[in-house]
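Visitor: This is final-v5.cif, which holds mmCIF, C-alpha atoms and all ligand atoms:
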data_run
#
loop_
_atom_site.group_PDB
_atom_site.id
_atom_site.type_symbol
_atom_site.label_atom_id
_atom_site.label_comp_id
_atom_site.auth_asym_id
_atom_site.auth_seq_id
_atom_site.Cartn_x
_atom_site.Cartn_y
_atom_site.Cartn_z
ATOM 1 C CA MET A 1 0.000 0.000 0.000
ATOM 2 C CA THR A 2 1.328 3.446 -0.866
ATOM 3 C CA LEU A 3 -0.244 6.346 0.955
ATOM 4 C CA PRO A 4 -1.088 9.421 -1.202
ATOM 5 C CA ILE A 5 1.385 11.847 0.421
ATOM 6 C CA ASN A 6 3.007 14.391 -1.918
ATOM 7 C CA GLY A 7 5.805 15.798 0.257
ATOM 8 C CA LEU A 8 5.560 18.731 2.634
ATOM 9 C CA HIS A 9 2.546 21.057 2.773
ATOM 10 C CA HIS A 10 3.719 23.679 5.295
ATOM 11 C CA VAL A 11 6.055 24.167 8.245
ATOM 12 C CA THR A 12 4.798 26.129 11.256
ATOM 13 C CA SER A 13 7.135 27.794 13.756
ATOM 14 C CA LEU A 14 7.048 30.148 16.729
ATOM 15 C CA ALA A 15 8.268 33.748 16.621
ATOM 16 C CA SER A 16 8.697 36.507 19.209
ATOM 17 C CA ASP A 17 7.911 39.548 17.056
ATOM 18 C CA ALA A 18 5.362 39.625 14.242
ATOM 19 C CA ARG A 19 6.768 42.712 12.535
ATOM 20 C CA ALA A 20 10.357 41.427 12.474
ATOM 21 C CA ASN A 21 9.092 38.057 11.287
ATOM 22 C CA ASN A 22 7.088 39.629 8.454
ATOM 23 C CA GLY A 23 10.038 41.779 7.409
ATOM 24 C CA PHE A 24 12.477 38.896 7.307
ATOM 25 C CA PHE A 25 10.293 36.559 5.274
ATOM 26 C CA THR A 26 8.780 39.070 2.856
ATOM 27 C CA ARG A 27 11.773 41.358 2.335
ATOM 28 C CA THR A 28 15.002 39.469 3.152
ATOM 29 C CA LEU A 29 13.852 36.089 1.835
ATOM 30 C CA GLY A 30 11.421 37.585 -0.683
ATOM 31 C CA LEU A 31 8.499 35.255 -0.019
ATOM 32 C CA ARG A 32 4.941 36.417 -0.555
ATOM 33 C CA ARG A 33 2.749 36.808 2.497
ATOM 34 C CA VAL A 34 -0.214 34.752 1.337
ATOM 35 C CA LYS A 35 -2.380 34.994 4.448
ATOM 36 C CA LYS A 36 -2.668 37.204 7.502
ATOM 37 C CA THR A 37 -4.968 35.493 9.952
ATOM 38 C CA VAL A 38 -4.962 34.413 13.607
ATOM 39 C CA ASN A 39 -4.117 31.213 15.433
ATOM 40 C CA PHE A 40 -7.542 29.524 15.327
ATOM 41 C CA ASP A 41 -6.919 28.019 18.801
ATOM 42 C CA ALA A 42 -5.555 31.288 20.319
ATOM 43 C CA PRO A 43 -7.005 34.135 18.226
ATOM 44 C CA ASP A 44 -5.149 36.906 20.068
ATOM 45 C CA VAL A 45 -2.024 35.752 18.182
ATOM 46 C CA TYR A 46 -1.406 36.121 14.445
ATOM 47 C CA HIS A 47 -0.972 33.211 12.097
ATOM 48 C CA LEU A 48 1.177 34.480 9.226
ATOM 49 C CA TYR A 49 1.734 32.455 6.051
ATOM 50 C CA TYR A 50 4.557 33.064 3.556
ATOM 51 C CA GLY A 51 5.099 31.197 0.296
ATOM 52 C CA ASP A 52 5.118 31.422 -3.478
ATOM 53 C CA ALA A 53 2.572 33.430 -5.497
ATOM 54 C CA ALA A 54 -0.376 31.193 -4.592
ATOM 55 C CA GLY A 55 0.878 29.660 -1.366
ATOM 56 C CA THR A 56 1.309 26.355 -3.174
ATOM 57 C CA PRO A 57 1.570 23.403 -0.795
ATOM 58 C CA GLY A 58 5.262 22.646 -0.362
ATOM 59 C CA SER A 59 6.173 26.351 -0.291
ATOM 60 C CA VAL A 60 4.397 27.635 2.811
ATOM 61 C CA MET A 61 6.311 28.708 5.929
ATOM 62 C CA THR A 62 3.923 29.800 8.668
ATOM 63 C CA TYR A 63 4.377 31.491 12.042
ATOM 64 C CA PHE A 64 2.614 31.983 15.330
ATOM 65 C CA PRO A 65 4.220 35.152 16.708
ATOM 66 C CA PHE A 66 3.811 35.182 20.515
ATOM 67 C CA PRO A 67 5.089 38.609 21.570
ATOM 68 C CA GLY A 68 8.216 38.279 23.688
ATOM 69 C CA ILE A 69 8.246 34.464 23.807
ATOM 70 C CA GLY A 70 11.612 33.131 25.057
ATOM 71 C CA LYS A 71 13.919 31.433 22.592
ATOM 72 C CA GLY A 72 13.586 27.697 22.082
ATOM 73 C CA ARG A 73 16.423 25.362 23.002
ATOM 74 C CA ALA A 74 17.641 23.081 20.239
ATOM 75 C CA GLY A 75 17.699 19.382 20.967
ATOM 76 C CA ALA A 76 16.196 16.057 20.064
ATOM 77 C CA GLY A 77 12.540 15.575 19.155
ATOM 78 C CA GLU A 78 12.098 18.462 16.777
ATOM 79 C CA VAL A 79 12.516 19.719 13.233
ATOM 80 C CA GLY A 80 16.142 20.822 13.265
ATOM 81 C CA GLU A 81 16.310 22.692 9.987
ATOM 82 C CA THR A 82 13.889 23.714 7.264
ATOM 83 C CA VAL A 83 15.436 23.588 3.791
ATOM 84 C CA PHE A 84 14.393 25.785 0.854
ATOM 85 C CA ALA A 85 15.150 25.112 -2.817
ATOM 86 C CA VAL A 86 16.801 27.874 -4.852
ATOM 87 C CA PRO A 87 17.761 27.974 -8.557
ATOM 88 C CA GLU A 88 21.069 26.526 -9.695
ATOM 89 C CA GLY A 89 23.853 29.070 -9.513
ATOM 90 C CA SER A 90 22.111 31.265 -6.934
ATOM 91 C CA LEU A 91 23.892 30.409 -3.654
ATOM 92 C CA GLY A 92 26.468 33.174 -4.240
ATOM 93 C CA PHE A 93 23.646 35.722 -4.491
ATOM 94 C CA TRP A 94 22.161 34.482 -1.224
ATOM 95 C CA LYS A 95 25.501 34.489 0.563
ATOM 96 C CA GLU A 96 25.849 38.142 -0.317
ATOM 97 C CA ARG A 97 22.226 39.023 0.428
ATOM 98 C CA LEU A 98 22.229 37.337 3.852
ATOM 99 C CA GLY A 99 25.761 38.525 4.632
ATOM 100 C CA ALA A 100 28.831 36.276 4.491
ATOM 101 C CA GLY A 101 29.161 36.518 8.281
ATOM 102 C CA ASN A 102 25.615 35.235 8.762
ATOM 103 C CA VAL A 103 25.909 32.033 6.746
ATOM 104 C CA THR A 104 27.856 28.779 6.897
ATOM 105 C CA GLU A 105 28.221 26.124 4.243
ATOM 106 C CA SER A 106 28.214 22.364 4.548
ATOM 107 C CA ALA A 107 28.086 19.404 2.212
ATOM 108 C CA ARG A 108 25.453 16.702 2.555
ATOM 109 C CA PHE A 109 24.671 13.879 0.105
ATOM 110 C CA GLY A 110 26.699 15.659 -2.561
ATOM 111 C CA GLU A 111 24.844 18.968 -2.153
ATOM 112 C CA THR A 112 26.010 22.273 -0.715
ATOM 113 C CA HIS A 113 23.772 23.706 2.000
ATOM 114 C CA LEU A 114 23.935 27.402 2.853
ATOM 115 C CA HIS A 115 22.823 27.605 6.495
ATOM 116 C CA PHE A 116 21.427 30.740 8.112
ATOM 117 C CA ALA A 117 19.195 31.764 10.992
ATOM 118 C CA GLY A 118 15.867 33.557 11.082
ATOM 119 C CA PRO A 119 15.037 36.429 13.460
ATOM 120 C CA ASP A 120 14.543 34.075 16.436
ATOM 121 C CA GLY A 121 17.458 31.795 15.631
ATOM 122 C CA ASP A 122 15.218 29.639 13.422
ATOM 123 C CA LYS A 123 17.414 27.233 11.478
ATOM 124 C CA PHE A 124 17.222 27.257 7.699
ATOM 125 C CA SER A 125 19.321 26.275 4.733
ATOM 126 C CA LEU A 126 19.221 26.793 0.985
ATOM 127 C CA VAL A 127 20.072 24.141 -1.604
ATOM 128 C CA GLU A 128 20.329 24.613 -5.367
ATOM 129 C CA THR A 129 17.938 22.365 -7.274
ATOM 130 C CA ALA A 130 16.915 21.890 -10.889
ATOM 131 C CA ASP A 131 13.203 21.677 -10.101
ATOM 132 C CA GLY A 132 10.737 23.619 -12.226
ATOM 133 C CA ARG A 133 8.801 25.444 -9.522
ATOM 134 C CA ASP A 134 8.539 29.232 -9.794
ATOM 135 C CA GLY A 135 9.348 31.411 -6.811
ATOM 136 C CA TRP A 136 7.561 34.672 -5.916
ATOM 137 C CA THR A 137 9.374 37.605 -7.478
ATOM 138 C CA GLY A 138 8.286 40.531 -5.324
ATOM 139 C CA GLU A 139 11.721 41.335 -3.884
ATOM 140 C CA VAL A 140 14.008 38.757 -5.491
ATOM 141 C CA ASP A 141 14.176 38.026 -9.231
ATOM 142 C CA ALA A 142 13.291 34.678 -10.798
ATOM 143 C CA ASP A 143 16.924 33.593 -11.179
ATOM 144 C CA HIS A 144 17.364 33.632 -7.389
ATOM 145 C CA ALA A 145 13.908 33.411 -5.761
ATOM 146 C CA LEU A 146 13.135 30.671 -3.255
ATOM 147 C CA ARG A 147 11.046 28.009 -5.017
ATOM 148 C CA GLY A 148 9.536 26.420 -1.977
ATOM 149 C CA PHE A 149 10.759 23.820 0.442
ATOM 150 C CA ARG A 150 13.255 21.200 -0.507
ATOM 151 C CA GLY A 151 12.521 19.410 2.759
ATOM 152 C CA ALA A 152 13.443 19.338 6.408
ATOM 153 C CA THR A 153 15.757 17.672 8.897
ATOM 154 C CA LEU A 154 14.334 15.884 11.936
ATOM 155 C CA ARG A 155 16.601 15.665 15.000
ATOM 156 C CA LEU A 156 15.880 12.492 16.956
ATOM 157 C CA ARG A 157 17.587 10.472 19.693
ATOM 158 C CA ASP A 158 16.607 7.278 17.872
ATOM 159 C CA GLY A 159 15.613 7.628 14.238
ATOM 160 C CA GLY A 160 14.433 4.012 13.884
ATOM 161 C CA ALA A 161 10.744 4.287 14.675
ATOM 162 C CA THR A 162 10.330 7.568 12.786
ATOM 163 C CA GLY A 163 12.148 6.012 9.813
ATOM 164 C CA GLU A 164 9.605 3.196 9.902
ATOM 165 C CA LEU A 165 6.788 5.739 10.039
ATOM 166 C CA LEU A 166 8.187 7.678 7.064
ATOM 167 C CA ARG A 167 8.448 4.456 5.055
ATOM 168 C CA PHE A 168 4.855 3.679 5.985
ATOM 169 C CA MET A 169 3.889 7.170 4.757
ATOM 170 C CA GLY A 170 5.455 6.429 1.355
ATOM 171 C CA TYR A 171 9.014 7.743 1.808
ATOM 172 C CA GLU A 172 11.977 5.657 0.689
ATOM 173 C CA ALA A 173 15.300 5.572 2.552
ATOM 174 C CA GLU A 174 17.851 6.675 -0.054
ATOM 175 C CA GLU A 175 21.220 6.979 1.602
ATOM 176 C CA THR A 176 22.930 7.205 4.990
ATOM 177 C CA GLN A 177 25.898 9.454 5.655
ATOM 178 C CA GLY A 178 27.221 9.471 9.231
ATOM 179 C CA ASN A 179 24.230 10.074 11.504
ATOM 180 C CA LEU A 180 22.004 11.338 8.667
ATOM 181 C CA THR A 181 19.578 9.220 6.661
ATOM 182 C CA ARG A 182 17.853 10.722 3.657
ATOM 183 C CA PHE A 183 14.237 9.831 2.898
ATOM 184 C CA ARG A 184 12.462 10.901 -0.273
ATOM 185 C CA VAL A 185 8.872 10.536 -1.391
ATOM 186 C CA PRO A 186 8.871 9.433 -5.062
ATOM 187 C CA GLY A 187 6.919 11.692 -7.402
ATOM 188 C CA GLY A 188 6.634 14.375 -4.732
ATOM 189 C CA ASN A 189 5.801 18.064 -5.069
ATOM 190 C CA GLY A 190 9.452 19.190 -4.863
ATOM 191 C CA ALA A 191 9.369 19.459 -1.057
ATOM 192 C CA ASP A 192 10.043 15.755 -0.951
ATOM 193 C CA ILE A 193 13.105 15.197 1.261
ATOM 194 C CA ILE A 194 13.221 14.346 4.962
ATOM 195 C CA ASP A 195 16.678 13.897 6.474
ATOM 196 C CA VAL A 196 16.662 12.085 9.822
ATOM 197 C CA GLU A 197 19.552 13.120 12.061
ATOM 198 C CA THR A 198 20.194 10.688 14.931
ATOM 199 C CA LEU A 199 21.576 12.267 18.114
ATOM 200 C CA PRO A 200 21.476 9.620 20.882
ATOM 201 C CA GLY A 201 22.843 11.825 23.651
ATOM 202 C CA ALA A 202 21.074 15.082 22.801
ATOM 203 C CA PRO A 203 18.925 16.808 25.431
ATOM 204 C CA ALA A 204 15.231 17.140 24.632
ATOM 205 C CA ALA A 205 14.401 20.225 22.590
ATOM 206 C CA GLN A 206 12.437 22.937 24.377
ATOM 207 C CA GLN A 207 9.992 24.818 22.196
ATOM 208 C CA GLY A 208 10.157 28.583 22.074
ATOM 209 C CA GLY A 209 10.862 31.385 19.631
ATOM 210 C CA GLY A 210 12.565 30.003 16.529
ATOM 211 C CA SER A 211 11.350 26.434 17.113
ATOM 212 C CA VAL A 212 9.261 24.548 14.612
ATOM 213 C CA HIS A 213 5.860 23.824 16.163
ATOM 214 C CA HIS A 214 4.816 21.191 13.622
ATOM 215 C CA ILE A 215 5.500 19.992 10.119
ATOM 216 C CA ALA A 216 2.667 19.281 7.702
ATOM 217 C CA PHE A 217 2.550 16.791 4.844
ATOM 218 C CA SER A 218 0.452 17.326 1.724
ATOM 219 C CA VAL A 219 -2.462 15.243 0.502
ATOM 220 C CA ALA A 220 -4.656 16.339 -2.411
ATOM 221 C CA ASP A 221 -8.063 16.315 -0.769
ATOM 222 C CA ARG A 222 -10.212 15.029 2.066
ATOM 223 C CA ALA A 223 -10.598 11.551 0.565
ATOM 224 C CA ALA A 224 -6.808 11.166 0.478
ATOM 225 C CA GLN A 225 -6.597 12.577 4.001
ATOM 226 C CA ASP A 226 -9.182 10.048 5.252
ATOM 227 C CA GLU A 227 -7.145 7.230 3.713
ATOM 228 C CA VAL A 228 -3.938 8.424 5.384
ATOM 229 C CA ARG A 229 -5.696 9.110 8.681
ATOM 230 C CA LYS A 230 -7.196 5.614 8.809
ATOM 231 C CA ALA A 231 -3.877 3.952 7.933
ATOM 232 C CA ILE A 232 -1.997 5.941 10.617
ATOM 233 C CA ALA A 233 -4.702 5.223 13.218
ATOM 234 C CA ASP A 234 -4.684 1.512 12.310
ATOM 235 C CA THR A 235 -0.975 1.305 13.142
ATOM 236 C CA GLY A 236 -1.725 2.505 16.662
ATOM 237 C CA TYR A 237 -1.142 6.263 16.505
ATOM 238 C CA GLN A 238 -3.466 8.689 18.248
ATOM 239 C CA ILE A 239 -4.545 11.022 15.447
ATOM 240 C CA THR A 240 -7.051 13.868 15.640
ATOM 241 C CA PRO A 241 -10.255 14.049 13.625
ATOM 242 C CA PRO A 242 -10.058 16.323 10.554
ATOM 243 C CA ILE A 243 -10.067 19.978 11.638
ATOM 244 C CA ASP A 244 -11.179 22.823 9.346
ATOM 245 C CA ARG A 245 -8.351 25.367 9.016
ATOM 246 C CA ASP A 246 -10.287 27.350 6.366
ATOM 247 C CA TYR A 247 -7.489 27.046 3.745
ATOM 248 C CA PHE A 248 -6.967 23.308 4.270
ATOM 249 C CA TRP A 249 -8.203 20.466 6.486
ATOM 250 C CA ALA A 250 -5.726 19.188 9.057
ATOM 251 C CA VAL A 251 -5.160 16.056 11.138
ATOM 252 C CA TYR A 252 -2.358 15.874 13.717
ATOM 253 C CA PHE A 253 -0.388 13.119 15.404
ATOM 254 C CA ARG A 254 2.812 12.949 17.473
ATOM 255 C CA THR A 255 5.648 10.783 16.112
ATOM 256 C CA PRO A 256 7.679 8.337 18.222
ATOM 257 C CA GLY A 257 10.576 10.799 18.342
ATOM 258 C CA GLY A 258 8.348 13.611 19.644
ATOM 259 C CA VAL A 259 7.807 15.670 16.473
ATOM 260 C CA LEU A 260 4.240 16.836 15.805
ATOM 261 C CA PHE A 261 3.160 15.788 12.292
ATOM 262 C CA GLU A 262 0.153 17.169 10.448
ATOM 263 C CA VAL A 263 -1.432 15.894 7.251
ATOM 264 C CA ALA A 264 -3.071 18.787 5.374
ATOM 265 C CA THR A 265 -5.197 18.952 2.237
ATOM 266 C CA ASP A 266 -4.106 21.001 -0.793
ATOM 267 C CA ALA A 267 -7.708 22.126 -1.251
ATOM 268 C CA PRO A 268 -9.317 24.618 -0.912
ATOM 269 C CA GLY A 269 -6.211 26.874 -0.804
ATOM 270 C CA PHE A 270 -5.453 30.486 0.105
ATOM 271 C CA ASP A 271 -7.645 32.165 -2.546
ATOM 272 C CA ARG A 272 -10.702 30.804 -0.759
ATOM 273 C CA ASP A 273 -11.474 34.164 0.870
ATOM 274 C CA GLU A 274 -9.474 36.784 -1.043
ATOM 275 C CA SER A 275 -8.525 37.323 -4.662
ATOM 276 C CA PRO A 276 -5.186 35.937 -5.913
ATOM 277 C CA ALA A 277 -3.987 39.512 -6.565
ATOM 278 C CA HIS A 278 -4.476 40.525 -2.923
ATOM 279 C CA LEU A 279 -3.488 37.463 -0.919
ATOM 280 C CA GLY A 280 -2.225 38.218 2.562
ATOM 281 C CA GLU A 281 -3.186 41.889 2.627
ATOM 282 C CA ALA A 282 -6.285 42.044 4.851
ATOM 283 C CA LEU A 283 -6.732 40.465 8.282
ATOM 284 C CA LYS A 284 -8.824 37.363 7.607
ATOM 285 C CA LEU A 285 -10.655 35.749 10.505
ATOM 286 C CA PRO A 286 -12.306 32.339 10.600
ATOM 287 C CA ARG A 287 -16.076 32.481 10.959
ATOM 288 C CA GLN A 288 -15.945 31.379 14.626
ATOM 289 C CA HIS A 289 -13.765 34.388 15.528
ATOM 290 C CA GLU A 290 -15.293 37.038 13.229
ATOM 291 C CA HIS A 291 -17.241 38.488 16.199
ATOM 292 C CA LEU A 292 -13.859 39.332 17.811
ATOM 293 C CA ARG A 293 -12.688 41.424 14.841
ATOM 294 C CA LYS A 294 -12.827 44.829 16.566
ATOM 295 C CA VAL A 295 -11.028 43.532 19.667
ATOM 296 C CA LEU A 296 -8.392 41.705 17.629
ATOM 297 C CA GLU A 297 -7.767 44.643 15.298
ATOM 298 C CA GLY A 298 -7.096 46.760 18.394
ATOM 299 C CA HIS A 299 -4.908 44.113 20.009
ATOM 300 C CA LEU A 300 -2.756 42.774 17.160
ATOM 301 C CA GLU A 301 0.220 44.995 16.378
ATOM 302 C CA PRO A 302 0.469 46.323 12.819
ATOM 303 C CA ILE A 303 3.122 44.385 10.899
ATOM 304 C CA GLY A 304 3.471 46.450 7.736
ATOM 305 C CA ASP A 305 2.964 45.294 4.142
HETATM 306 ZN ZN ZN B 401 -0.233 23.279 10.367
#
Is it possible to express this structure as structure tokens?

Guide:
Amino acid sequence: MTLPINGLHHVTSLASDARANNGFFTRTLGLRRVKKTVNFDAPDVYHLYYGDAAGTPGSVMTYFPFPGIGKGRAGAGEVGETVFAVPEGSLGFWKERLGAGNVTESARFGETHLHFAGPDGDKFSLVETADGRDGWTGEVDADHALRGFRGATLRLRDGGATGELLRFMGYEAEETQGNLTRFRVPGGNGADIIDVETLPGAPAAQQGGGSVHHIAFSVADRAAQDEVRKAIADTGYQITPPIDRDYFWAVYFRTPGGVLFEVATDAPGFDRDESPAHLGEALKLPRQHEHLRKVLEGHLEPIGD
């Protein structure tokens, strides 16, 4: 049985300052803000989404900015690094744009990674790929623009059980190099790599600013999500019922290594409640929180364009 998972859908992290977060992702990295809404479970906090022109699944980095939240502590049981794909020949541009003193390079599975940190110490890297996805060209031209995720690295004390889970989800173990094992979902959406980093002696990660809160995998629609949900539940995982997130439907479950996984539908997408030309501009509230609009508009700090 192969489950209908297409790669990543989105990655959601915690931030300490909404304005700084917005500036870094829209201006420095040149992503498009595709939605400005609130955390549906804590509506006094923004939920900001950044991605390509449409917020295509596999391109969407999202944030819950909790004002003044303390920094997270890196460790085991978390997403260690989120990896974006950039066009071939563009790493030099990014090294200059981010500042040579702010980046480091490393080699992994024959690829060069350019590592850098976000405003809260969030860990990212860029890798040149030949994939055909188009990046958003608001601030950065097409020859250099981020195309979406390439994948992510999971940091785990014992990668075995999570490796089994990834295989069950349709990923194939490709190669092991030192304490890293690369998994890839065949025929994925471009955001199709998960590297599992095994760190037996690492302390447990503590979530805070700059930490990934959860990582979401893409399925086309609710029928595909039901199939995945049933298969995951049948193997013994506790998995939530489908939850309406307005722009996708989500189910969540915690992996053996402690990372929170989500499986999210590609439909209906971010143009559900605003036109493609104006994505991310207005504060959009889910129906259940619309009655709080006046309060929230007074409470949430302006973050700029
Ligand atoms: Zn999510």

Visitor: Applied to this file, what does the PyMOL selection byres (((chain A and resi 269-285) around 9) and not hetatm) return in terms of residues, put as a ChimeraX atom specification?

Guide: /A:32-38,40,43,48-50,53-57,246-248,265-268,286-290,292-293,297,305

Visitor: Measuring between all atoms listed in the file, which one of A:Trp136, A:Tyr252, A:Phe84, A:Tyr171 shows the shortest distance to ligand ZN 401 (chain B)?

Guide: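 Ranking A:Trp136, A:Tyr252, A:Phe84, A:Tyr171 by distance to ligand ZN 401 (chain B), first place goes to A:Tyr252.
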
Visitor: Could you tell me which residues the PyMOL selection byres (((chain A and resi 168) around 9) and not hetatm) returns for this structure, as a list in words?

Guide: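 Listing what the PyMOL selection byres (((chain A and resi 168) around 9) and not hetatm) selects in the shown file: Met1, Thr2, Leu3, Gly163, Glu164, Leu165, Leu166, Arg167, Met169, Gly170, Tyr171, Ala231 and Ile232 of chain A.
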
Visitor: Neighbouring residues of region 189-202 of chain A were defined as those with any atom within 6 Å, considering only C-alpha atoms; residues of the same chain fewer than 2 positions away were excluded. Please report them as an MDAnalysis selection string.

Guide: chainID A and resid 6:8 58 75:76 149:159 179:185

Visitor: List every residue of chain A that has an atom at most 12 Å from any atom of ligand ZN 401 (chain B), giving for each one its closest atom pair and the distance in Å to one decimal, counting only C-alpha atoms and all ligand atoms, sorted by chain and then by ascending residue number, as CSV.

Guide:
residue,atom,partner,partner_atom,distance
A:Leu8,CA,B:ZN401,ZN,10.7
A:His9,CA,B:ZN401,ZN,8.4
A:His10,CA,B:ZN401,ZN,6.4
A:Val11,CA,B:ZN401,ZN,6.7
A:Thr12,CA,B:ZN401,ZN,5.9
A:Ser13,CA,B:ZN401,ZN,9.3
A:Leu14,CA,B:ZN401,ZN,11.9
A:Asn39,CA,B:ZN401,ZN,10.2
A:Phe40,CA,B:ZN401,ZN,10.8
A:Asp41,CA,B:ZN401,ZN,11.8
A:His47,CA,B:ZN401,ZN,10.1
A:Leu48,CA,B:ZN401,ZN,11.3
A:Tyr49,CA,B:ZN401,ZN,10.3
A:Pro57,CA,B:ZN401,ZN,11.3
A:Val60,CA,B:ZN401,ZN,9.9
A:Met61,CA,B:ZN401,ZN,9.6
A:Thr62,CA,B:ZN401,ZN,7.9
A:Tyr63,CA,B:ZN401,ZN,9.6
A:Phe64,CA,B:ZN401,ZN,10.4
A:Val212,CA,B:ZN401,ZN,10.5
A:His213,CA,B:ZN401,ZN,8.4
A:His214,CA,B:ZN401,ZN,6.4
A:Ile215,CA,B:ZN401,ZN,6.6
A:Ala216,CA,B:ZN401,ZN,5.6
A:Phe217,CA,B:ZN401,ZN,9.0
A:Ser218,CA,B:ZN401,ZN,10.5
A:Ile243,CA,B:ZN401,ZN,10.5
A:Asp244,CA,B:ZN401,ZN,11.0
A:Arg245,CA,B:ZN401,ZN,8.5
A:Asp246,CA,B:ZN401,ZN,11.6
A:Tyr247,CA,B:ZN401,ZN,10.5
A:Phe248,CA,B:ZN401,ZN,9.1
A:Trp249,CA,B:ZN401,ZN,9.3
A:Ala250,CA,B:ZN401,ZN,7.0
A:Val251,CA,B:ZN401,ZN,8.8
A:Tyr252,CA,B:ZN401,ZN,8.4
A:Phe253,CA,B:ZN401,ZN,11.3
A:Leu260,CA,B:ZN401,ZN,9.5
A:Phe261,CA,B:ZN401,ZN,8.4
A:Glu262,CA,B:ZN401,ZN,6.1
A:Val263,CA,B:ZN401,ZN,8.1
A:Ala264,CA,B:ZN401,ZN,7.3
A:Thr265,CA,B:ZN401,ZN,10.5

Visitor: Would you list the residues near (10.0, 29.0, -6.0), meaning any protein, DNA or RNA residue with an atom at most 8 Å from that point in file coordinates, counting only C-alpha atoms, as a CSV table (one decimal) with C-alpha atoms, in the frame of the given file?

Guide:
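As written to disk, point-v8.csv reads:
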chain,number,residue,atom,x,y,z
A,52,ASP,CA,5.1,31.4,-3.5
A,59,SER,CA,6.2,26.4,-0.3
A,85,ALA,CA,15.2,25.1,-2.8
A,86,VAL,CA,16.8,27.9,-4.9
A,133,ARG,CA,8.8,25.4,-9.5
A,134,ASP,CA,8.5,29.2,-9.8
A,135,GLY,CA,9.3,31.4,-6.8
A,136,TRP,CA,7.6,34.7,-5.9
A,145,ALA,CA,13.9,33.4,-5.8
A,146,LEU,CA,13.1,30.7,-3.3
A,147,ARG,CA,11.0,28.0,-5.0
A,148,GLY,CA,9.5,26.4,-2.0

Visitor: Spell out the residues picked by the PyMOL selection byres (((chain A and resi 102) around 12) and not hetatm) here, as a ChimeraX atom specification.

Guide: /A:94-101,103-105,114-119,121,123-125

Visitor: Kindly indicate which residue among A:Pro203, A:Glu139, A:Phe93, A:Gly77 lies nearest to Phe24 (chain A), using only C-alpha atoms for the distances.

Guide: A:Glu139

Visitor: Just how far from CA of Gln238 (chain A) is CA of Arg254 (chain A), in Å to one decimal?

Guide: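 These atoms are spaced 7.6 Å apart.
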
Visitor: Calculate how many Å separate CA of Leu126 (chain A) from CA of Gly68 (chain A), rounding to one decimal.

Guide: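 Computing it gives 27.7 Å between the two atoms.
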
Visitor: For a test of reading the model, state the distance in Å between CA of Thr235 (chain A) and CA of Thr162 (chain A), rounded to one decimal.

Guide: 12.9 Å

Visitor: Using only C-alpha atoms, find the one residue out of A:Ile303, A:Ala20, A:Leu91, A:Val259 that sits nearest to Ala161 (chain A).

Guide: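 The answer is A:Val259, which sits nearest to Ala161 (chain A).
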